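Trainee: File input.cif below, mmCIF, C-alpha atoms and all ligand atoms:
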data_coords
loop_
_atom_site.label_atom_id
_atom_site.label_comp_id
_atom_site.auth_asym_id
_atom_site.auth_seq_id
_atom_site.Cartn_x
_atom_site.Cartn_y
_atom_site.Cartn_z
CA MET H 1 -0.07 20.74 5.65
CA THR H 2 2.03 21.64 2.62
CA GLU H 3 5.48 20.66 3.84
CA THR H 4 7.10 17.84 1.88
CA ALA H 5 8.32 14.89 3.96
CA ILE H 6 9.71 12.76 1.12
CA ALA H 7 10.97 14.20 -2.17
CA VAL H 8 12.44 11.84 -4.74
CA GLU H 9 13.66 12.93 -8.18
CA GLY H 10 15.01 10.76 -10.97
CA LEU H 11 16.26 8.09 -8.60
CA ARG H 12 18.27 5.30 -10.27
CA LYS H 13 19.77 2.16 -8.85
CA SER H 14 21.10 -0.89 -10.70
CA PHE H 15 22.36 -4.23 -9.49
CA GLY H 16 24.63 -5.48 -12.26
CA ALA H 17 22.45 -5.72 -15.33
CA THR H 18 19.22 -5.25 -13.34
CA ASP H 19 17.83 -1.73 -13.27
CA ALA H 20 15.83 -1.78 -10.02
CA LEU H 21 15.05 1.97 -10.14
CA ARG H 22 14.94 3.70 -13.53
CA GLY H 23 14.22 7.32 -12.64
CA LEU H 24 11.77 7.22 -9.75
CA ASP H 25 9.92 10.43 -8.89
CA LEU H 26 7.82 10.68 -5.75
CA THR H 27 6.57 13.48 -3.49
CA VAL H 28 4.91 12.72 -0.17
CA PRO H 29 3.44 15.67 1.76
CA ALA H 30 4.09 15.62 5.52
CA GLY H 31 1.35 14.01 7.58
CA THR H 32 0.01 11.82 4.77
CA VAL H 33 0.09 8.09 4.02
CA CYS H 34 1.49 7.22 0.59
CA GLY H 35 0.99 3.72 -0.79
CA LEU H 36 3.78 2.57 -3.08
CA LEU H 37 2.08 -0.16 -5.02
CA GLY H 38 3.77 -2.60 -7.34
CA PRO H 39 4.26 -6.24 -8.28
CA ASN H 40 7.20 -8.42 -7.21
CA GLY H 41 10.46 -6.92 -8.35
CA ALA H 42 8.98 -3.50 -9.20
CA GLY H 43 11.62 -1.76 -7.07
CA LYS H 44 9.64 -0.96 -3.91
CA THR H 45 12.13 -2.40 -1.43
CA THR H 46 15.06 -0.82 -3.28
CA ALA H 47 13.32 2.58 -3.07
CA VAL H 48 12.75 2.17 0.67
CA ARG H 49 16.33 1.01 1.21
CA VAL H 50 17.70 4.09 -0.56
CA LEU H 51 15.35 6.40 1.37
CA ALA H 52 16.34 4.74 4.65
CA THR H 53 20.06 5.23 3.80
CA LEU H 54 20.64 1.47 3.63
CA ALA H 55 21.66 1.63 -0.05
CA LEU H 56 23.25 4.39 -2.13
CA PRO H 57 21.51 5.51 -5.34
CA ASP H 58 23.46 5.58 -8.62
CA ALA H 59 21.81 8.83 -9.73
CA GLY H 60 18.99 11.21 -8.85
CA SER H 61 18.20 12.74 -5.50
CA ALA H 62 16.09 11.98 -2.46
CA ARG H 63 15.31 14.06 0.60
CA VAL H 64 13.62 12.78 3.73
CA ASN H 65 12.36 15.24 6.32
CA GLY H 66 14.36 17.88 4.40
CA TYR H 67 17.67 15.98 4.50
CA ASP H 68 19.49 14.58 1.48
CA VAL H 69 19.88 10.81 1.87
CA VAL H 70 23.42 10.81 0.44
CA ARG H 71 24.83 13.96 2.03
CA ARG H 72 23.03 13.91 5.41
CA PRO H 73 22.47 10.21 6.22
CA ALA H 74 22.77 10.64 9.99
CA GLN H 75 20.00 13.28 10.05
CA VAL H 76 17.85 11.09 7.80
CA ARG H 77 18.30 8.12 10.14
CA ARG H 78 17.24 10.24 13.10
CA SER H 79 14.09 11.26 11.21
CA ILE H 80 12.83 7.82 10.25
CA GLY H 81 11.43 4.56 11.52
CA LEU H 82 11.62 1.41 9.42
CA ALA H 83 9.51 -1.71 9.82
CA GLY H 84 9.19 -4.46 7.35
CA GLN H 85 8.24 -7.77 6.04
CA TYR H 86 10.63 -9.59 8.33
CA ALA H 87 10.11 -8.76 11.98
CA ALA H 88 13.41 -7.73 13.53
CA VAL H 89 12.47 -8.38 17.12
CA ASP H 90 14.19 -10.74 19.56
CA GLU H 91 11.98 -13.77 20.13
CA GLY H 92 13.75 -14.90 23.28
CA ILE H 93 12.71 -11.92 25.41
CA THR H 94 9.42 -10.20 26.15
CA GLY H 95 7.85 -7.51 24.00
CA ARG H 96 8.38 -4.97 26.75
CA ASP H 97 12.09 -5.84 27.02
CA ASN H 98 12.46 -5.56 23.23
CA LEU H 99 11.14 -2.00 23.29
CA HIS H 100 13.19 -1.21 26.37
CA LEU H 101 16.37 -2.33 24.61
CA VAL H 102 15.57 -0.22 21.55
CA GLY H 103 15.03 2.83 23.79
CA ARG H 104 18.32 2.24 25.63
CA PHE H 105 20.09 1.80 22.29
CA HIS H 106 18.79 5.19 21.19
CA GLY H 107 20.05 6.87 24.33
CA LEU H 108 16.91 6.99 26.46
CA GLY H 109 17.74 6.43 30.15
CA VAL H 110 16.44 3.36 32.00
CA ARG H 111 13.40 5.20 33.26
CA GLY H 112 12.76 7.00 29.96
CA ALA H 113 13.02 3.74 28.03
CA ARG H 114 10.61 1.97 30.41
CA ARG H 115 8.11 4.82 30.20
CA ARG H 116 8.24 4.93 26.39
CA ALA H 117 7.84 1.13 26.14
CA GLY H 118 4.81 1.26 28.45
CA GLU H 119 3.18 4.08 26.48
CA LEU H 120 3.62 2.35 23.14
CA LEU H 121 2.45 -1.06 24.36
CA GLU H 122 -0.73 0.50 25.67
CA ARG H 123 -1.34 2.70 22.64
CA PHE H 124 -1.02 -0.21 20.20
CA ASP H 125 -2.96 -2.73 22.29
CA LEU H 126 0.00 -4.90 23.12
CA ASP H 127 -0.10 -4.43 26.90
CA GLU H 128 -1.82 -7.78 27.49
CA VAL H 129 1.00 -9.70 25.82
CA ALA H 130 3.79 -7.28 26.77
CA ASP H 131 5.32 -9.53 29.42
CA ARG H 132 5.23 -12.73 27.40
CA LEU H 133 8.15 -14.02 25.37
CA VAL H 134 7.81 -12.81 21.77
CA ARG H 135 8.13 -16.40 20.56
CA THR H 136 4.60 -17.01 21.91
CA TYR H 137 3.11 -14.09 19.89
CA SER H 138 0.87 -14.50 16.87
CA GLY H 139 2.26 -13.35 13.50
CA GLY H 140 0.21 -10.16 13.74
CA GLN H 141 1.32 -9.35 17.29
CA ARG H 142 4.94 -9.89 16.31
CA ARG H 143 4.63 -7.65 13.27
CA ARG H 144 2.86 -5.03 15.39
CA LEU H 145 5.70 -5.15 17.93
CA ASP H 146 8.19 -4.67 15.08
CA LEU H 147 6.21 -1.66 13.92
CA VAL H 148 6.03 -0.28 17.47
CA ALA H 149 9.80 -0.79 17.86
CA SER H 150 10.33 1.59 14.94
CA LEU H 151 8.32 4.24 16.85
CA VAL H 152 10.36 4.32 20.06
CA THR H 153 12.17 7.49 18.99
CA ALA H 154 8.91 9.06 17.70
CA PRO H 155 10.27 9.55 14.15
CA PRO H 156 8.23 11.92 11.95
CA VAL H 157 8.61 9.68 8.87
CA LEU H 158 7.91 5.95 8.75
CA PHE H 159 8.73 3.40 6.10
CA LEU H 160 6.65 0.27 6.23
CA ASP H 161 7.85 -2.27 3.70
CA GLU H 162 5.06 -4.74 2.96
CA PRO H 163 3.93 -4.70 6.59
CA THR H 164 1.18 -7.30 6.14
CA THR H 165 2.68 -9.72 3.62
CA GLY H 166 1.95 -13.27 4.76
CA LEU H 167 -0.44 -12.31 7.56
CA ASP H 168 -3.95 -13.70 8.01
CA PRO H 169 -6.91 -11.29 7.59
CA ARG H 170 -7.28 -10.60 11.31
CA SER H 171 -3.59 -9.80 11.74
CA ARG H 172 -3.69 -7.56 8.68
CA GLN H 173 -6.58 -5.68 10.26
CA GLU H 174 -4.51 -5.20 13.45
CA ILE H 175 -1.64 -3.71 11.46
CA TRP H 176 -4.04 -1.49 9.51
CA ASP H 177 -5.49 -0.17 12.78
CA ALA H 178 -1.95 0.59 13.98
CA VAL H 179 -1.09 2.44 10.75
CA ARG H 180 -4.31 4.47 10.98
CA GLU H 181 -3.45 5.37 14.57
CA LEU H 182 0.00 6.57 13.42
CA ALA H 183 -1.47 8.60 10.60
CA ALA H 184 -3.97 10.17 12.99
CA GLY H 185 -1.03 11.17 15.17
CA GLY H 186 0.45 13.15 12.27
CA ALA H 187 3.19 10.78 11.07
CA THR H 188 4.15 10.61 7.39
CA VAL H 189 3.98 7.00 6.25
CA LEU H 190 5.40 5.46 3.09
CA LEU H 191 3.87 2.04 2.81
CA THR H 192 4.93 -0.44 0.16
CA THR H 193 2.43 -3.10 -0.71
CA GLN H 194 1.39 -5.62 -3.32
CA TYR H 195 -2.13 -5.55 -1.89
CA LEU H 196 -4.45 -3.18 -3.61
CA ASP H 197 -7.03 -3.25 -0.83
CA GLU H 198 -4.33 -2.22 1.63
CA ALA H 199 -3.42 0.87 -0.39
CA ASP H 200 -7.11 1.59 -0.91
CA ARG H 201 -7.86 1.47 2.81
CA LEU H 202 -4.83 3.23 4.22
CA ALA H 203 -3.35 5.59 1.68
CA ASP H 204 -4.21 9.23 0.99
CA ALA H 205 -2.32 8.86 -2.27
CA VAL H 206 -1.06 5.91 -4.25
CA ALA H 207 1.93 5.70 -6.58
CA VAL H 208 1.85 2.67 -8.86
CA ILE H 209 5.39 1.52 -9.58
CA ASP H 210 6.38 -0.91 -12.31
CA ARG H 211 9.92 -1.75 -13.43
CA GLY H 212 11.49 0.98 -11.38
CA VAL H 213 9.33 3.96 -12.38
CA VAL H 214 6.06 5.45 -11.18
CA ILE H 215 3.53 4.78 -13.92
CA GLU H 216 0.52 6.44 -12.29
CA SER H 217 -0.27 8.34 -9.11
CA GLY H 218 -3.17 10.02 -7.38
CA THR H 219 -5.81 9.32 -4.77
CA PRO H 220 -7.25 5.79 -4.81
CA ALA H 221 -10.59 7.33 -5.87
CA ARG H 222 -9.01 9.21 -8.78
CA LEU H 223 -7.23 6.11 -10.02
CA LYS H 224 -10.43 4.12 -9.86
CA ALA H 225 -12.37 6.86 -11.67
CA ALA H 226 -9.80 6.79 -14.46
CA ILE H 227 -10.76 3.24 -15.33
CA GLY H 228 -14.54 3.52 -15.62
CA THR H 229 -17.29 1.19 -14.45
CA ARG H 230 -17.75 -2.36 -15.70
CA ILE H 231 -21.29 -3.05 -16.88
CA GLU H 232 -22.50 -6.65 -17.24
CA VAL H 233 -25.87 -7.58 -18.70
CA THR H 234 -27.06 -11.19 -18.80
CA VAL H 235 -29.92 -11.81 -21.23
CA ALA H 236 -32.59 -14.52 -21.08
CA GLU H 237 -32.07 -15.63 -24.70
CA ALA H 238 -28.72 -15.77 -26.50
CA ALA H 239 -30.48 -14.33 -29.57
CA GLN H 240 -30.78 -11.01 -27.72
CA LEU H 241 -27.05 -10.58 -27.19
CA GLY H 242 -26.74 -8.33 -30.26
CA ALA H 243 -29.58 -6.05 -29.16
CA ALA H 244 -28.14 -5.83 -25.65
CA ALA H 245 -24.71 -4.98 -27.07
CA ALA H 246 -26.26 -2.20 -29.16
CA VAL H 247 -27.80 -0.65 -26.02
CA LEU H 248 -24.59 -1.00 -24.03
CA ALA H 249 -22.63 0.74 -26.78
CA HIS H 250 -24.37 3.99 -25.73
CA PHE H 251 -22.75 3.72 -22.31
CA ALA H 252 -19.36 2.47 -23.31
CA ALA H 253 -15.90 3.73 -24.03
CA GLY H 254 -14.99 0.65 -26.07
CA GLU H 255 -16.78 -2.12 -27.97
CA PRO H 256 -19.11 -4.29 -25.89
CA VAL H 257 -17.88 -7.86 -25.62
CA ALA H 258 -20.46 -10.66 -25.95
CA GLU H 259 -19.85 -13.83 -23.93
CA PRO H 260 -22.37 -16.23 -25.57
CA VAL H 261 -21.85 -19.14 -23.18
CA GLU H 262 -22.81 -16.96 -20.21
CA ARG H 263 -25.39 -15.11 -22.35
CA ARG H 264 -23.66 -11.97 -21.15
CA VAL H 265 -22.49 -8.69 -22.66
CA VAL H 266 -19.76 -6.80 -20.88
CA VAL H 267 -18.50 -3.27 -21.41
CA THR H 268 -16.53 -0.67 -19.51
CA SER H 269 -18.08 2.79 -19.24
CA ALA H 270 -16.18 5.89 -20.29
CA ALA H 271 -13.71 6.95 -17.60
CA GLY H 272 -15.15 9.43 -15.14
CA ARG H 273 -18.72 8.92 -16.41
CA SER H 274 -21.13 7.45 -13.93
CA VAL H 275 -23.72 5.00 -15.18
CA ALA H 276 -27.34 5.43 -14.12
CA LEU H 277 -28.74 1.95 -13.60
CA PRO H 278 -32.44 2.97 -14.08
CA GLN H 279 -31.61 4.59 -17.44
CA LEU H 280 -29.76 1.46 -18.57
CA VAL H 281 -32.66 -0.77 -17.57
CA ARG H 282 -35.17 1.51 -19.39
CA GLU H 283 -33.09 1.46 -22.58
CA LEU H 284 -32.85 -2.34 -22.45
CA ASP H 285 -36.64 -2.50 -21.98
CA SER H 286 -37.38 -0.24 -24.92
CA ALA H 287 -35.04 -2.29 -27.11
CA GLY H 288 -37.08 -5.34 -26.13
CA VAL H 289 -34.19 -7.00 -24.31
CA ALA H 290 -35.26 -9.27 -21.45
CA ALA H 291 -32.37 -8.83 -19.03
CA GLN H 292 -31.94 -11.50 -16.39
CA ASP H 293 -29.25 -9.66 -14.55
CA VAL H 294 -27.77 -6.19 -14.80
CA ALA H 295 -24.67 -5.45 -12.75
CA LEU H 296 -22.45 -2.42 -12.36
CA ARG H 297 -19.06 -3.05 -10.87
CA THR H 298 -16.99 -0.13 -9.59
CA PRO H 299 -13.40 -0.84 -10.50
CA SER H 300 -11.17 -2.00 -7.71
CA LEU H 301 -7.57 -0.96 -7.46
CA ASP H 302 -6.91 -4.42 -8.91
CA ASP H 303 -8.56 -3.33 -12.15
CA VAL H 304 -6.53 -0.12 -12.09
CA PHE H 305 -3.40 -2.10 -11.55
CA LEU H 306 -4.13 -4.58 -14.31
CA ALA H 307 -4.96 -1.77 -16.69
CA LEU H 308 -1.72 0.05 -15.90
CA THR H 309 0.92 -2.59 -15.50
CA ALA H 310 2.39 -4.40 -18.43
CA PRO H 311 1.52 -8.02 -19.06
CA PRO H 312 4.39 -10.39 -18.28
CA GLY H 313 6.90 -10.65 -21.09
CA ARG H 314 6.44 -7.14 -22.48
CA ALA H 315 9.80 -5.60 -23.34
CA ALA H 316 10.82 -2.86 -20.88
P1 LIG L 1 8.99 -7.56 -3.83
O1 LIG L 1 7.56 -7.18 -3.84
O2 LIG L 1 9.23 -8.90 -4.43
O3 LIG L 1 9.69 -7.32 -2.53
P2 LIG L 1 10.13 -5.09 -4.84
O4 LIG L 1 9.19 -4.23 -5.61
O5 LIG L 1 10.42 -4.69 -3.45
O6 LIG L 1 9.69 -6.61 -4.94
P3 LIG L 1 12.98 -4.92 -5.24
O7 LIG L 1 13.28 -5.86 -4.12
O8 LIG L 1 13.26 -3.49 -5.02
O9 LIG L 1 11.47 -5.09 -5.71
O10 LIG L 1 13.77 -5.44 -6.53
C1 LIG L 1 13.83 -4.73 -7.77
C2 LIG L 1 14.73 -5.48 -8.73
O11 LIG L 1 16.09 -5.38 -8.29
C3 LIG L 1 14.44 -6.98 -8.82
O12 LIG L 1 14.66 -7.36 -10.15
C4 LIG L 1 15.45 -7.60 -7.88
O13 LIG L 1 15.76 -8.89 -8.30
C5 LIG L 1 16.64 -6.65 -8.05
N1 LIG L 1 17.46 -6.58 -6.81
C6 LIG L 1 17.07 -6.04 -5.63
N2 LIG L 1 18.07 -6.10 -4.72
C7 LIG L 1 19.12 -6.70 -5.35
C8 LIG L 1 20.46 -7.06 -4.95
N3 LIG L 1 20.90 -6.79 -3.72
N4 LIG L 1 21.23 -7.67 -5.86
C9 LIG L 1 20.79 -7.92 -7.11
N5 LIG L 1 19.55 -7.61 -7.55
C10 LIG L 1 18.72 -7.01 -6.68
#
Once more with this new file: its structure as structure tokens, please.
Mentor:
Amino acid sequence: MTETAIAVEGLRKSFGATDALRGLDLTVPAGTVCGLLGPNGAGKTTAVRVLATLALPDAGSARVNGYDVVRRPAQVRRSIGLAGQYAAVDEGITGRDNLHLVGRFHGLGVRGARRRAGELLERFDLDEVADRLVRTYSGGQRRRLDLVASLVTAPPVLFLDEPTTGLDPRSRQEIWDAVRELAAGGATVLLTTQYLDEADRLADAVAVIDRGVVIESGTPARLKAAIGTRIEVTVAEAAQLGAAAAVLAHFAAGEPVAEPVERRVVVTSAAGRSVALPQLVRELDSAGVAAQDVALRTPSLDDVFLALTAPPGRAA
């Protein structure tokens, strides 16, 4: 699919002296999951709020489902679902009644609203708890109900703002399954997250945002490949650290770093170059290095993130 579901160009938004968005560019093809990844205060929520027509941008443009968020807000609102960090469901009624109310609010008749609630509860494995008060739900069930409530009108574009923040691992897994199910059904999903594993597991493409701009984007695999592989060699005798470092230099992009206390030499391979473990071991052998442990670590999105984002305190 080549259609663009979300197109953002040069988006700016300030709150007093704080520049939350400083020229954000983002393109999300229809039917894909985009992970907007960034630390606290990077501007993720502000971006979602502008895209969902809850806040006006100061400059730049954004189109959702083909509609400009400033000029055609009503059409944008009809095109989107929004679920977030803070579940917006009513705890004093059942899950089924929550969905029913949302359907009625959006103009579905009594029967239509009931039917839609039933379908969604079954599809997202909430039918067993559907007739219990929401206050008795687990955190994950509640968040899943919130997500499902944003789907009542079957919007083609979904914004999920940190959907698993604060959830335990099992509840996170439940939300991930629900997002996968949505993606399989053809929805376009913009997911903001601080969790790198979440973006890695769910997103077709990731945009790393820091201080209001996208600093890197691509598939999770491409971003990881851009960082290279970490190679760690632990030697039996500290005296061999120099020889081990000399061997590792053949595989490295930068200078090998010796960690004498651990009797370890660490280096990161050149980006995009895979490291053949047998060849490394052979070269260590021929240099007479007795290696106790040789480890290759594929970079995680965490490594990508650390490599890309500025350390705290750097001037913007
Ligand atoms: P988090 O992961 O903590 O939710 P975020 O990436 O979603 O962070 P935003 O909430 O978009 O970041 O905030 C971006 C910047 O704008 C922050 O410095 C924040 O303090 C500021 N900001 C956001 N909303 C407002 C507001 N209504 N008034 C003043 N400042 C705001």
Trainee: Figure out the distance between atom CA of Arg264 of chain H and atom CA of Val233 of chain H, please, to one decimal in Å.
Mentor: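 These atoms are spaced 5.5 Å apart.
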Trainee: Which residue, H:Ala307, H:Leu191, H:Leu37, H:Val50, has the smallest gap to Ser14 of chain H when you use all atoms listed in the file?
Mentor: H:Val50
Trainee: Residues within 9 Å of ligand LIG 1 (chain L) should be enumerated using all atoms listed in the file and returned as number ranges by chain.
Mentor: H: 13-21, 37-49, 85, 161-162, 192-194, 209-212
Trainee: Within 6 Å of (-20.2, -3.4, -19.4) (coordinates as in the file), grab all the protein and nucleic acid residues, counting only C-alpha atoms, and write them out as an mmCIF file with C-alpha atoms, in the coordinates of the input.
Mentor:
data_model
loop_
_atom_site.group_PDB
_atom_site.id
_atom_site.type_symbol
_atom_site.label_atom_id
_atom_site.label_comp_id
_atom_site.auth_asym_id
_atom_site.auth_seq_id
_atom_site.Cartn_x
_atom_site.Cartn_y
_atom_site.Cartn_z
ATOM 1 C CA ARG H 230 -17.750 -2.360 -15.700
ATOM 2 C CA ILE H 231 -21.290 -3.050 -16.880
ATOM 3 C CA GLU H 232 -22.500 -6.650 -17.240
ATOM 4 C CA VAL H 266 -19.760 -6.800 -20.880
ATOM 5 C CA VAL H 267 -18.500 -3.270 -21.410
ATOM 6 C CA THR H 268 -16.530 -0.670 -19.510
#
Trainee: Please list as a list in words every residue within 8 Å of Phe124 of chain H, counting all atoms listed in the file and excluding residues in the same chain fewer than 3 positions away.
Mentor: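 Listed by chain and then number, they are Leu120, Leu121, Asp127, Arg144, Val148 and Ala178 of chain H.
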Trainee: Quick one, how far is atom CA of Leu126 of chain H from atom CA of Thr94 of chain H?
Mentor: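 Separation of atom CA of Leu126 of chain H and atom CA of Thr94 of chain H: 11.2 Å.
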Trainee: For Pro299 of chain H, find every residue with an atom within 9 Å (counting all atoms listed in the file), except residues of its own chain fewer than 6 positions away, and show them as a VMD selection string.
Mentor: chain H and resid 224 to 225 227 to 230
Trainee: When you draw a straight line from atom CA of Thr153 of chain H to atom CA of Ala83 of chain H, how long is it in Å?
Mentor: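 Calculated distance between atom CA of Thr153 of chain H and atom CA of Ala83 of chain H is 13.3 Å.
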